[in-house]
Every structure is written in C-alpha cells, then in structure tokens.
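**Q** The structure file input-v1.cif (mmCIF, C-alpha atoms and all ligand atoms) is provided below.
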data_protein
#
loop_
_atom_site.group_PDB
_atom_site.id
_atom_site.type_symbol
_atom_site.label_atom_id
_atom_site.label_comp_id
_atom_site.auth_asym_id
_atom_site.auth_seq_id
_atom_site.Cartn_x
_atom_site.Cartn_y
_atom_site.Cartn_z
ATOM 1 C CA MET A 1 0.000 0.000 0.000
ATOM 2 C CA LYS A 2 1.041 3.549 -0.734
ATOM 3 C CA LYS A 3 2.589 5.549 2.138
ATOM 4 C CA PHE A 4 1.633 9.115 2.968
ATOM 5 C CA ILE A 5 4.179 11.673 4.146
ATOM 6 C CA ILE A 6 2.464 14.900 5.125
ATOM 7 C CA GLY A 7 4.419 17.976 6.181
ATOM 8 C CA ASN A 8 2.617 20.403 8.499
ATOM 9 C CA TRP A 9 4.440 23.730 8.371
ATOM 10 C CA LYS A 10 2.241 25.218 11.103
ATOM 11 C CA MET A 11 2.587 29.032 11.391
ATOM 12 C CA HIS A 12 5.990 29.251 9.713
ATOM 13 C CA LEU A 13 7.288 30.926 6.526
ATOM 14 C CA ASN A 14 5.819 33.909 4.728
ATOM 15 C CA VAL A 15 4.744 33.617 1.089
ATOM 16 C CA HIS A 16 8.165 34.465 -0.293
ATOM 17 C CA GLU A 17 9.967 32.056 2.062
ATOM 18 C CA ALA A 18 7.418 29.340 1.290
ATOM 19 C CA SER A 19 8.093 29.669 -2.411
ATOM 20 C CA LEU A 20 11.868 29.508 -1.915
ATOM 21 C CA PHE A 21 11.489 26.478 0.323
ATOM 22 C CA VAL A 22 9.299 24.664 -2.206
ATOM 23 C CA ALA A 23 11.965 25.311 -4.839
ATOM 24 C CA LYS A 24 14.418 23.590 -2.499
ATOM 25 C CA LEU A 25 12.018 20.682 -1.889
ATOM 26 C CA ALA A 26 11.593 20.306 -5.649
ATOM 27 C CA GLN A 27 15.292 19.493 -5.855
ATOM 28 C CA THR A 28 15.560 17.269 -2.790
ATOM 29 C CA VAL A 29 12.320 15.306 -2.351
ATOM 30 C CA PRO A 30 12.347 12.150 -4.466
ATOM 31 C CA THR A 31 9.308 11.503 -6.657
ATOM 32 C CA LYS A 32 8.091 8.009 -5.801
ATOM 33 C CA ARG A 33 5.018 6.278 -7.073
ATOM 34 C CA ASN A 34 4.541 4.486 -3.766
ATOM 35 C CA VAL A 35 4.597 7.635 -1.606
ATOM 36 C CA GLU A 36 2.039 10.440 -1.594
ATOM 37 C CA VAL A 37 3.863 13.566 -0.412
ATOM 38 C CA VAL A 38 1.737 16.442 0.866
ATOM 39 C CA ILE A 39 2.845 19.807 2.240
ATOM 40 C CA CYS A 40 0.563 21.981 4.354
ATOM 41 C CA PRO A 41 1.687 25.624 4.300
ATOM 42 C CA SER A 42 -0.235 28.591 5.741
ATOM 43 C CA PHE A 43 -3.414 29.522 3.874
ATOM 44 C CA ILE A 44 -1.759 32.588 2.325
ATOM 45 C CA ALA A 45 0.869 30.462 0.582
ATOM 46 C CA LEU A 46 -1.555 27.938 -0.926
ATOM 47 C CA GLN A 47 -2.443 29.955 -3.993
ATOM 48 C CA PRO A 48 1.105 30.792 -5.171
ATOM 49 C CA LEU A 49 2.335 27.308 -4.318
ATOM 50 C CA SER A 50 -0.580 25.778 -6.227
ATOM 51 C CA LEU A 51 0.973 27.315 -9.360
ATOM 52 C CA GLN A 52 4.527 26.349 -8.428
ATOM 53 C CA ILE A 53 4.504 22.730 -7.320
ATOM 54 C CA ASN A 54 4.899 19.727 -9.534
ATOM 55 C CA TYR A 55 1.837 17.646 -8.660
ATOM 56 C CA ARG A 56 3.586 14.434 -9.566
ATOM 57 C CA GLN A 57 6.076 15.179 -6.817
ATOM 58 C CA MET A 58 3.790 16.537 -4.105
ATOM 59 C CA LYS A 59 0.290 17.740 -3.284
ATOM 60 C CA LEU A 60 -0.977 20.598 -1.144
ATOM 61 C CA GLY A 61 -2.939 20.487 2.064
ATOM 62 C CA ALA A 62 -4.521 23.174 4.241
ATOM 63 C CA GLN A 63 -3.961 23.127 7.999
ATOM 64 C CA ASP A 64 -7.613 23.753 8.827
ATOM 65 C CA CYS A 65 -10.844 25.129 7.348
ATOM 66 C CA TYR A 66 -14.200 26.430 8.493
ATOM 67 C CA TRP A 67 -17.192 24.115 8.179
ATOM 68 C CA ARG A 68 -19.665 26.438 6.453
ATOM 69 C CA ASP A 69 -19.175 26.819 2.699
ATOM 70 C CA SER A 70 -19.649 30.614 2.621
ATOM 71 C CA GLY A 71 -21.273 33.421 4.567
ATOM 72 C CA ALA A 72 -20.689 36.112 7.169
ATOM 73 C CA PHE A 73 -17.792 34.470 9.003
ATOM 74 C CA THR A 74 -15.080 37.107 9.163
ATOM 75 C CA GLY A 75 -11.575 35.739 9.060
ATOM 76 C CA GLU A 76 -12.532 32.156 8.239
ATOM 77 C CA ILE A 77 -11.639 30.098 5.153
ATOM 78 C CA SER A 78 -13.998 27.410 3.898
ATOM 79 C CA ALA A 79 -13.325 24.074 2.262
ATOM 80 C CA THR A 80 -15.208 25.465 -0.767
ATOM 81 C CA GLN A 81 -12.604 28.224 -1.055
ATOM 82 C CA LEU A 82 -9.827 25.650 -0.837
ATOM 83 C CA ARG A 83 -11.059 23.706 -3.863
ATOM 84 C CA GLY A 84 -8.511 23.914 -6.623
ATOM 85 C CA LEU A 85 -5.819 25.106 -4.206
ATOM 86 C CA ALA A 86 -5.457 22.104 -1.895
ATOM 87 C CA GLN A 87 -6.217 18.420 -2.139
ATOM 88 C CA TYR A 88 -6.017 17.624 1.604
ATOM 89 C CA VAL A 89 -7.152 19.399 4.780
ATOM 90 C CA LEU A 90 -5.936 18.696 8.312
ATOM 91 C CA VAL A 91 -8.884 18.591 10.688
ATOM 92 C CA GLY A 92 -8.770 18.566 14.484
ATOM 93 C CA HIS A 93 -5.013 18.950 14.858
ATOM 94 C CA SER A 94 -4.088 18.887 18.549
ATOM 95 C CA GLU A 95 -3.089 22.552 18.391
ATOM 96 C CA ARG A 96 -6.566 23.395 17.092
ATOM 97 C CA ARG A 97 -8.117 21.282 19.858
ATOM 98 C CA HIS A 98 -5.935 22.509 22.723
ATOM 99 C CA VAL A 99 -4.787 26.031 21.801
ATOM 100 C CA PHE A 100 -8.011 27.097 20.063
ATOM 101 C CA ASP A 101 -10.474 24.948 22.050
ATOM 102 C CA GLU A 102 -11.997 23.311 19.007
ATOM 103 C CA ASP A 103 -14.543 20.763 20.118
ATOM 104 C CA ASP A 104 -15.613 17.441 18.694
ATOM 105 C CA ARG A 105 -18.766 18.895 17.171
ATOM 106 C CA GLU A 106 -16.844 21.491 15.163
ATOM 107 C CA ILE A 107 -14.333 18.881 14.089
ATOM 108 C CA ARG A 108 -17.145 16.602 12.921
ATOM 109 C CA PHE A 109 -18.655 19.433 10.850
ATOM 110 C CA LYS A 110 -15.248 20.190 9.357
ATOM 111 C CA VAL A 111 -14.718 16.563 8.297
ATOM 112 C CA GLN A 112 -18.088 16.694 6.546
ATOM 113 C CA ALA A 113 -17.314 20.047 4.914
ATOM 114 C CA VAL A 114 -14.022 18.745 3.539
ATOM 115 C CA LEU A 115 -15.681 15.640 2.098
ATOM 116 C CA ARG A 116 -18.608 17.642 0.721
ATOM 117 C CA ASN A 117 -16.120 19.752 -1.216
ATOM 118 C CA GLY A 118 -14.287 16.795 -2.687
ATOM 119 C CA LEU A 119 -11.109 17.163 -0.623
ATOM 120 C CA VAL A 120 -9.432 14.604 1.639
ATOM 121 C CA PRO A 121 -9.770 15.155 5.392
ATOM 122 C CA VAL A 122 -6.864 14.117 7.602
ATOM 123 C CA LEU A 123 -8.602 13.644 10.938
ATOM 124 C CA CYS A 124 -6.032 14.156 13.696
ATOM 125 C CA ILE A 125 -6.576 12.441 17.015
ATOM 126 C CA GLY A 126 -4.442 11.727 20.069
ATOM 127 C CA GLU A 127 -4.376 11.821 23.833
ATOM 128 C CA THR A 128 -2.547 14.235 26.148
ATOM 129 C CA ALA A 129 0.124 13.105 28.625
ATOM 130 C CA THR A 130 -2.370 13.311 31.503
ATOM 131 C CA GLU A 131 -4.975 11.299 29.635
ATOM 132 C CA ARG A 132 -2.333 8.657 28.979
ATOM 133 C CA SER A 133 -1.160 8.507 32.596
ATOM 134 C CA ASP A 134 -4.810 8.225 33.671
ATOM 135 C CA GLY A 135 -5.087 5.121 31.474
ATOM 136 C CA ASP A 136 -7.635 6.783 29.172
ATOM 137 C CA VAL A 137 -5.997 6.262 25.768
ATOM 138 C CA GLU A 138 -8.577 3.831 24.387
ATOM 139 C CA HIS A 139 -11.458 5.906 25.607
ATOM 140 C CA ILE A 140 -10.081 9.245 24.349
ATOM 141 C CA ILE A 141 -9.084 8.185 20.868
ATOM 142 C CA GLY A 142 -12.228 6.060 20.550
ATOM 143 C CA ASP A 143 -14.384 9.088 21.403
ATOM 144 C CA GLN A 144 -12.458 11.383 19.048
ATOM 145 C CA LEU A 145 -12.988 8.900 16.232
ATOM 146 C CA VAL A 146 -16.657 8.244 16.899
ATOM 147 C CA SER A 147 -17.360 11.927 17.110
ATOM 148 C CA GLY A 148 -15.212 12.973 14.144
ATOM 149 C CA LEU A 149 -16.589 10.279 11.849
ATOM 150 C CA LEU A 150 -20.197 10.283 13.040
ATOM 151 C CA ASN A 151 -21.707 11.750 9.885
ATOM 152 C CA VAL A 152 -19.322 10.185 7.398
ATOM 153 C CA GLY A 153 -21.135 7.857 4.989
ATOM 154 C CA ALA A 154 -20.072 4.269 4.377
ATOM 155 C CA ASP A 155 -19.264 5.332 0.808
ATOM 156 C CA GLN A 156 -16.984 8.150 2.055
ATOM 157 C CA ILE A 157 -14.832 6.427 4.656
ATOM 158 C CA ASP A 158 -12.307 5.354 2.004
ATOM 159 C CA GLU A 159 -11.514 9.030 1.412
ATOM 160 C CA VAL A 160 -10.610 9.782 5.036
ATOM 161 C CA LEU A 161 -7.113 9.587 6.535
ATOM 162 C CA ILE A 162 -6.506 9.314 10.270
ATOM 163 C CA ALA A 163 -3.409 10.799 11.899
ATOM 164 C CA TYR A 164 -2.583 9.516 15.362
ATOM 165 C CA GLU A 165 -0.597 12.243 17.107
ATOM 166 C CA PRO A 166 -0.134 11.706 20.830
ATOM 167 C CA VAL A 167 0.110 15.260 22.162
ATOM 168 C CA TRP A 168 3.014 14.344 24.479
ATOM 169 C CA ALA A 169 5.144 13.241 21.508
ATOM 170 C CA ILE A 170 4.903 16.477 19.496
ATOM 171 C CA SER A 171 8.323 18.145 19.374
ATOM 172 C CA THR A 172 7.005 21.504 20.567
ATOM 173 C CA SER A 173 5.082 20.124 23.565
ATOM 174 C CA ASP A 174 6.392 20.803 27.091
ATOM 175 C CA LYS A 175 8.542 17.729 27.488
ATOM 176 C CA PRO A 176 8.243 15.692 24.322
ATOM 177 C CA ILE A 177 8.787 11.965 24.758
ATOM 178 C CA LEU A 178 9.506 9.622 21.882
ATOM 179 C CA PRO A 179 6.863 6.900 21.917
ATOM 180 C CA GLU A 180 7.797 3.241 21.821
ATOM 181 C CA PRO A 181 6.710 1.513 18.605
ATOM 182 C CA GLN A 182 4.427 -0.725 20.708
ATOM 183 C CA ASP A 183 2.574 2.378 22.012
ATOM 184 C CA ILE A 184 1.806 3.333 18.427
ATOM 185 C CA GLU A 185 0.921 -0.212 17.448
ATOM 186 C CA ALA A 186 -1.563 -0.417 20.331
ATOM 187 C CA ALA A 187 -3.175 2.884 19.302
ATOM 188 C CA VAL A 188 -3.426 1.799 15.663
ATOM 189 C CA LYS A 189 -5.210 -1.387 16.740
ATOM 190 C CA ILE A 190 -7.735 0.687 18.690
ATOM 191 C CA ILE A 191 -8.242 2.990 15.696
ATOM 192 C CA ARG A 192 -8.753 0.169 13.203
ATOM 193 C CA ALA A 193 -11.098 -1.676 15.570
ATOM 194 C CA GLN A 194 -13.186 1.463 16.068
ATOM 195 C CA VAL A 195 -13.390 2.169 12.329
ATOM 196 C CA ALA A 196 -14.323 -1.490 11.752
ATOM 197 C CA HIS A 197 -17.027 -1.194 14.391
ATOM 198 C CA MET A 198 -18.482 1.881 12.677
ATOM 199 C CA PHE A 199 -17.952 1.045 8.999
ATOM 200 C CA GLY A 200 -17.231 -2.671 8.762
ATOM 201 C CA ARG A 201 -14.158 -4.893 8.720
ATOM 202 C CA GLU A 202 -12.885 -3.871 5.299
ATOM 203 C CA ALA A 203 -12.928 -0.186 6.251
ATOM 204 C CA GLY A 204 -11.041 -0.935 9.465
ATOM 205 C CA LYS A 205 -8.406 -2.782 7.480
ATOM 206 C CA ASN A 206 -8.136 -0.326 4.588
ATOM 207 C CA ILE A 207 -8.222 3.072 6.261
ATOM 208 C CA ALA A 208 -4.864 4.865 6.123
ATOM 209 C CA VAL A 209 -3.478 5.603 9.594
ATOM 210 C CA LEU A 210 -0.515 7.959 9.950
ATOM 211 C CA TYR A 211 1.686 8.559 12.961
ATOM 212 C CA GLY A 212 2.756 12.073 13.993
ATOM 213 C CA GLY A 213 5.067 13.320 16.740
ATOM 214 C CA SER A 214 8.807 14.123 16.547
ATOM 215 C CA VAL A 215 9.313 12.146 13.323
ATOM 216 C CA ASP A 216 12.742 12.684 11.764
ATOM 217 C CA LYS A 217 14.845 10.820 9.243
ATOM 218 C CA ASP A 218 16.607 8.868 11.994
ATOM 219 C CA ASN A 219 13.477 7.455 13.636
ATOM 220 C CA ALA A 220 11.255 7.341 10.528
ATOM 221 C CA ARG A 221 12.196 3.746 9.730
ATOM 222 C CA THR A 222 11.140 2.602 13.185
ATOM 223 C CA TYR A 223 7.834 4.458 13.165
ATOM 224 C CA LEU A 224 6.927 3.762 9.545
ATOM 225 C CA SER A 225 7.583 0.062 10.112
ATOM 226 C CA VAL A 226 5.021 -0.198 12.912
ATOM 227 C CA ASP A 227 2.365 -2.705 11.950
ATOM 228 C CA GLY A 228 -0.678 -0.876 10.578
ATOM 229 C CA ILE A 229 1.024 2.503 10.056
ATOM 230 C CA ASP A 230 0.686 3.951 6.546
ATOM 231 C CA GLY A 231 2.647 7.160 6.846
ATOM 232 C CA ALA A 232 3.714 10.111 8.915
ATOM 233 C CA LEU A 233 2.498 13.601 9.734
ATOM 234 C CA VAL A 234 5.699 15.587 10.148
ATOM 235 C CA GLY A 235 5.959 18.967 11.857
ATOM 236 C CA GLY A 236 9.354 20.531 12.596
ATOM 237 C CA LYS A 237 11.366 18.336 10.255
ATOM 238 C CA SER A 238 9.093 19.116 7.291
ATOM 239 C CA LEU A 239 10.774 22.551 7.283
ATOM 240 C CA ILE A 240 14.233 21.031 6.800
ATOM 241 C CA ALA A 241 14.514 19.822 3.215
ATOM 242 C CA PRO A 242 17.072 16.982 3.678
ATOM 243 C CA GLU A 243 15.151 15.662 6.700
ATOM 244 C CA PHE A 244 11.820 15.690 4.869
ATOM 245 C CA ALA A 245 13.358 14.178 1.739
ATOM 246 C CA GLY A 246 15.021 11.487 3.868
ATOM 247 C CA ILE A 247 11.683 10.550 5.449
ATOM 248 C CA VAL A 248 10.083 10.262 1.976
ATOM 249 C CA GLU A 249 12.929 8.030 0.808
ATOM 250 C CA ILE A 250 12.550 5.727 3.817
ATOM 251 C CA ALA A 251 8.770 5.571 3.322
ATOM 252 C CA SER A 252 9.326 4.485 -0.260
ATOM 253 C CA GLU A 253 11.774 1.751 0.764
ATOM 254 C CA ILE A 254 9.329 0.420 3.341
ATOM 255 C CA ALA A 255 6.399 0.521 0.883
ATOM 256 C CA LYS A 256 8.509 -1.410 -1.609
ATOM 257 C CA SER A 257 9.564 -4.072 0.861
ATOM 258 C CA GLU A 258 5.946 -4.526 2.011
ATOM 259 C CA ALA A 259 4.809 -4.869 -1.613
ATOM 260 C CA ASP A 260 7.556 -7.441 -2.275
ATOM 261 C CA LYS A 261 6.419 -9.420 0.788
ATOM 262 C CA ASP A 262 2.794 -9.439 -0.416
ATOM 263 C CA GLU A 263 3.715 -10.879 -3.806
HETATM 264 P P1 LIG B 1 6.599 17.507 15.186
HETATM 265 O O1 LIG B 1 6.962 16.610 14.055
HETATM 266 O O2 LIG B 1 7.362 18.800 15.202
HETATM 267 O O3 LIG B 1 6.610 16.791 16.494
HETATM 268 O O4 LIG B 1 5.059 17.962 14.956
HETATM 269 C C1 LIG B 1 4.102 16.986 14.822
HETATM 270 C C2 LIG B 1 2.852 17.631 14.378
HETATM 271 O O5 LIG B 1 2.153 18.274 15.152
HETATM 272 C C3 LIG B 1 2.507 17.523 12.951
HETATM 273 O O6 LIG B 1 1.198 17.893 12.733
#
For this file, write the structure as structure tokens.

**A**
Amino acid sequence: MKKFIIGNWKMHLNVHEASLFVAKLAQTVPTKRNVEVVICPSFIALQPLSLQINYRQMKLGAQDCYWRDSGAFTGEISATQLRGLAQYVLVGHSERRHVFDEDDREIRFKVQAVLRNGLVPVLCIGETATERSDGDVEHIIGDQLVSGLLNVGADQIDEVLIAYEPVWAISTSDKPILPEPQDIEAAVKIIRAQVAHMFGREAGKNIAVLYGGSVDKDNARTYLSVDGIDGALVGGKSLIAPEFAGIVEIASEIAKSEADKDE
C-alpha cells in the first residue's frame, strides 16, 4: 500500500519564504510512485504554491478550514474556497483542539465540509500526557474517532485519513517523549477496531493511519515500520529539506519491501 508523508508547516514561513522552500524541496524530495507527499503551508501560501509545485512530486494540504461553505464568518476560510488550491485538509489537529479549544462537534462538521467539497480530510486524534497517565488512551481516541466520523457515509470512509498524534510526543510540547513503537501499534489497533465497528471490517483494514510526533529521518524507519502505520504527519522536520526528503525516501523503501512481501 502507498505511504503518505504529510508535512505540516504550522505558522511558519511567509509567502516568499514558502516559495523559496518549495523550490528547495523540488530538488531534494524524491518523486516516488509508492509515496504520496503532501505539504501543508499557511493559507496565504496555498495559492502561489498551487501554481509552483509539480503535482507528480507533491500535493498541497490546508492546515484547517471552516465548516460552512460561505457566509458572514469574518476571518474564516472554507473548504469550498480551498477547492482547486489544496487536495487535503488537516482537521482537528491537537493545536486546534488545545490552543483554540476546538470541540468534537466542530471537528465533525469540518470533516463533513471537507468531504462535501471533494477534498481529503486528515482527521487528527491523540491523547494528552495526563490522559495517557490516567489510562484513558482507548477511551479518548475512541471518542475522538466516533465523534469525528459520526456523519461520514459508508461510501466516504475510504476518502478519510486518520493521523494519530499523541500530544506528548509532538516536538514543541512541554517535554516531548519519543513513543515506543508498541505504544503506536496499540493505538493503531484501537483505531482500526473502532473504524471497523463503525464502517465494517474492510474499512477498518483499509483506512490509512498515519503517525505524527517528533518524526525525523533517523526514527522514521522505526515508526513507519510499525504494523498498521501507513505514513507520517511531520511537523518541525518538514521545514528542513534533507530531513523531509530522507523521510520520503525511507517511506518508499518500506512501501517497496511490504509490496515485495505481499507478492
Ligand atoms: P513535530 O513533528 O514537530 O513533532 O510535529 C508533529 C505535528 O504536530 C505535525 O502535525
């Protein structure tokens, strides 16, 4: 199966810097048929980058969107407005949930809005350090999934990606901790079981699940080799071209060796 490597630039780079950085990525990121590479710049950079990137090499994603298609919503950007500029939209990123207090209802509406507009939602879920130490992982990520996917149709689930990002593993969190591969494997099992419960066994098996949190080119092999993981959502290291390119290369090698095994 194809791997996904998604770079989340967060609130970094102005339009000019974004364009220069994409020119650098164009020279460093390998184009691989078995890896879908997506970069998520700030909204303001989407339009110029949509004219600059080579779509065979990478696609564009937005970091968020509003859930109404248009109207009197000052300062917001809708999924309708993103059509033609982005192919993917991150929804429910932990920084949206925890810094901007986005709730499950809003996140659910956003997932629907993204699908309604023909784009791919990347539903981000993950527990905080406290929720983990309280033994609530299964409950928290189960609830985030049920709520986020509640109004998704059985015919739409194939278009959704899930990104598991434990908040405590994100490089900019208070004291980031690198998760053990078995922590991720356990979370992926919960995610696939929940999706299977909601949408059937095939959906649980087929849905793409990405890992995010302090991924770099040195640990990418470990994390991308976790059973059931189909890619990575990369923050800090997506702004360093050789790191990001290295992660794409590793993803391609792993996709190839999995395909060889299946033959
Ligand atoms: P880091 O890769 O910097 O830990 O960020 C992860 C993340 O939040 C990506 O969305």

**Q** In Å, rounded to a single decimal, give me how far atom CA of Asp143 of chain A is from atom CA of Asp104 of chain A.

**A** 8.9 Å

**Q** Convert the output of the PyMOL selection byres (((chain A and resi 96-100) around 10) and not hetatm) on the shown file into explicit residues, formatted as a PyMOL selection string.

**A** chain A and resi 63-64+90-95+101-104+106-107+124-125+128+167

**Q** May I have a table of the residues of chain A lying at most 8 Å from ligand LIG 1 (chain B), giving each one's closest pair of atoms and their distance in Å to one decimal, counting only C-alpha atoms and all ligand atoms, ordered by chain and ascending residue number, as a tab-separated table?

**A**
residue	atom	partner	partner_atom	distance
A:Gly7	CA	B:LIG1	C3	7.0
A:Asn8	CA	B:LIG1	O6	5.1
A:Trp9	CA	B:LIG1	C3	8.0
A:Lys10	CA	B:LIG1	O6	7.6
A:His93	CA	B:LIG1	O6	6.6
A:Ser94	CA	B:LIG1	O5	7.1
A:Glu95	CA	B:LIG1	O5	7.5
A:Glu165	CA	B:LIG1	O5	6.9
A:Val167	CA	B:LIG1	O5	7.9
A:Ala169	CA	B:LIG1	O3	6.3
A:Ile170	CA	B:LIG1	O3	3.5
A:Ser171	CA	B:LIG1	O3	3.6
A:Thr172	CA	B:LIG1	O2	6.0
A:Ser173	CA	B:LIG1	O3	8.0
A:Gly212	CA	B:LIG1	C1	5.2
A:Gly213	CA	B:LIG1	O3	3.8
A:Ser214	CA	B:LIG1	O3	3.5
A:Val215	CA	B:LIG1	O1	5.1
A:Asp216	CA	B:LIG1	O1	7.4
A:Leu233	CA	B:LIG1	C3	5.1
A:Val234	CA	B:LIG1	O1	4.2
A:Gly235	CA	B:LIG1	O1	3.4
A:Gly236	CA	B:LIG1	O2	3.7
A:Lys237	CA	B:LIG1	O1	6.1
A:Ser238	CA	B:LIG1	O1	7.5

**Q** Compile the contact shell of Val226 of chain A as a PyMOL selection string: residues with an atom at most 8 Å away, counting only C-alpha atoms, same-chain residues fewer than 2 positions apart removed.

**A** chain A and resi 181-182+184-185+222-224+228-229

**Q** I'd like to know which of A:Met198, A:Gly246, A:Asp183, A:His12 is closest to Arg132 of chain A, using all atoms listed in the file.

**A** A:Asp183

**Q** Going by the chain IDs and residue numbers used in this file, which residues fall under the PyMOL selection byres (((chain A and resi 19) around 12) and not hetatm)? Write them as a ChimeraX atom specification.

**A** /A:13-18,20-26,41-42,44-53

**Q** As an exercise, work out the distance from atom CA of Ala232 of chain A to atom CA of Ile250 of chain A in Å and give it to one decimal place.

**A**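 One can read the atom CA of Ala232 of chain A to atom CA of Ile250 of chain A distance as 11.1 Å.
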
**Q** List the neighbours of Glu249 of chain A out to 10 Å using all atoms listed in the file; skip same-chain residues closer than 3 positions along the sequence, and give me the result as a PyMOL selection string.

**A** chain A and resi 29-32+35+217+220-221+243-246+252-255

**Q** Just the selected residues (C-alpha atoms), exported as a PDB file, keeping the file's coordinate frame, please.

**A**
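Output (out_28.pdb):
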ATOM      1  CA  VAL A  29      12.320  15.306  -2.351  1.00  0.00           C
ATOM      2  CA  PRO A  30      12.347  12.150  -4.466  1.00  0.00           C
ATOM      3  CA  THR A  31       9.308  11.503  -6.657  1.00  0.00           C
ATOM      4  CA  LYS A  32       8.091   8.009  -5.801  1.00  0.00           C
ATOM      5  CA  VAL A  35       4.597   7.635  -1.606  1.00  0.00           C
ATOM      6  CA  LYS A 217      14.845  10.820   9.243  1.00  0.00           C
ATOM      7  CA  ALA A 220      11.255   7.341  10.528  1.00  0.00           C
ATOM      8  CA  ARG A 221      12.196   3.746   9.730  1.00  0.00           C
ATOM      9  CA  GLU A 243      15.151  15.662   6.700  1.00  0.00           C
ATOM     10  CA  PHE A 244      11.820  15.690   4.869  1.00  0.00           C
ATOM     11  CA  ALA A 245      13.358  14.178   1.739  1.00  0.00           C
ATOM     12  CA  GLY A 246      15.021  11.487   3.868  1.00  0.00           C
ATOM     13  CA  SER A 252       9.326   4.485  -0.260  1.00  0.00           C
ATOM     14  CA  GLU A 253      11.774   1.751   0.764  1.00  0.00           C
ATOM     15  CA  ILE A 254       9.329   0.420   3.341  1.00  0.00           C
ATOM     16  CA  ALA A 255       6.399   0.521   0.883  1.00  0.00           C
TER      17      ALA A 255
END

**Q** So how far away is atom CA of Ile39 of chain A from atom CA of Ile6 of chain A, in Å?

**A**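 Taking atom CA of Ile6 of chain A and atom CA of Ile39 of chain A, their separation equals 5.7 Å.
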
**Q** Could you expand the PyMOL selection byres (((chain A and resi 141) around 8) and not hetatm) into the explicit residues it covers here, written as a PyMOL selection string?

**A** chain A and resi 125-127+137-140+142-145+190-191

**Q** In terms of the shortest atom-to-atom distance over all atoms listed in the file, which of A:Ile157, A:Ile177, A:Met58, A:Val195 is closest to Pro121 of chain A?

**A**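 Smallest separation from Pro121 of chain A among the options: A:Ile157.
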
**Q** May I have the residues within 12 Å of Glu202 of chain A as a list in words, using all atoms listed in the file and disregarding those fewer than 4 positions away in the same chain?

**A**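 Skipping anything fewer than 4 positions along the chain leaves Ala154, Ile157, Asp158, Arg192, Ala193, Val195, Ala196, His197, Met198, Asn206, Ile207 and Ala208 of chain A.
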
**Q** For segment 110-115 of chain A, find every residue with an atom within 12 Å (counting only C-alpha atoms), except residues of its own chain fewer than 2 positions away, and show them as a count of residues only.

**A** 56

**Q** Go through A:Phe109, A:Val248, A:Leu178, A:Ala187 one by one, measure the shortest atom-to-atom distance of each to Arg33 of chain A using all atoms listed in the file, and give the residue with the smallest value.

**A**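 Result for the nearest residue to Arg33 of chain A: A:Val248.
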
**Q** For Leu210 of chain A, which of A:Asp134, A:Ala163, A:Lys256, A:Ile240 is the closest residue, counting all atoms listed in the file?

**A**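 Residue with the minimum atom-to-atom distance to Leu210 of chain A: A:Ala163.
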
**Q** Emit as lines of an AutoDock Vina configuration file the padded axis-aligned box for all listed atoms of segment 28-39 of chain A, 8 Å per side, with centre and edge lengths in Å to one decimal.

**A**
center_x = 8.6
center_y = 12.1
center_z = -2.4
size_x = 29.8
size_y = 31.3
size_z = 25.3
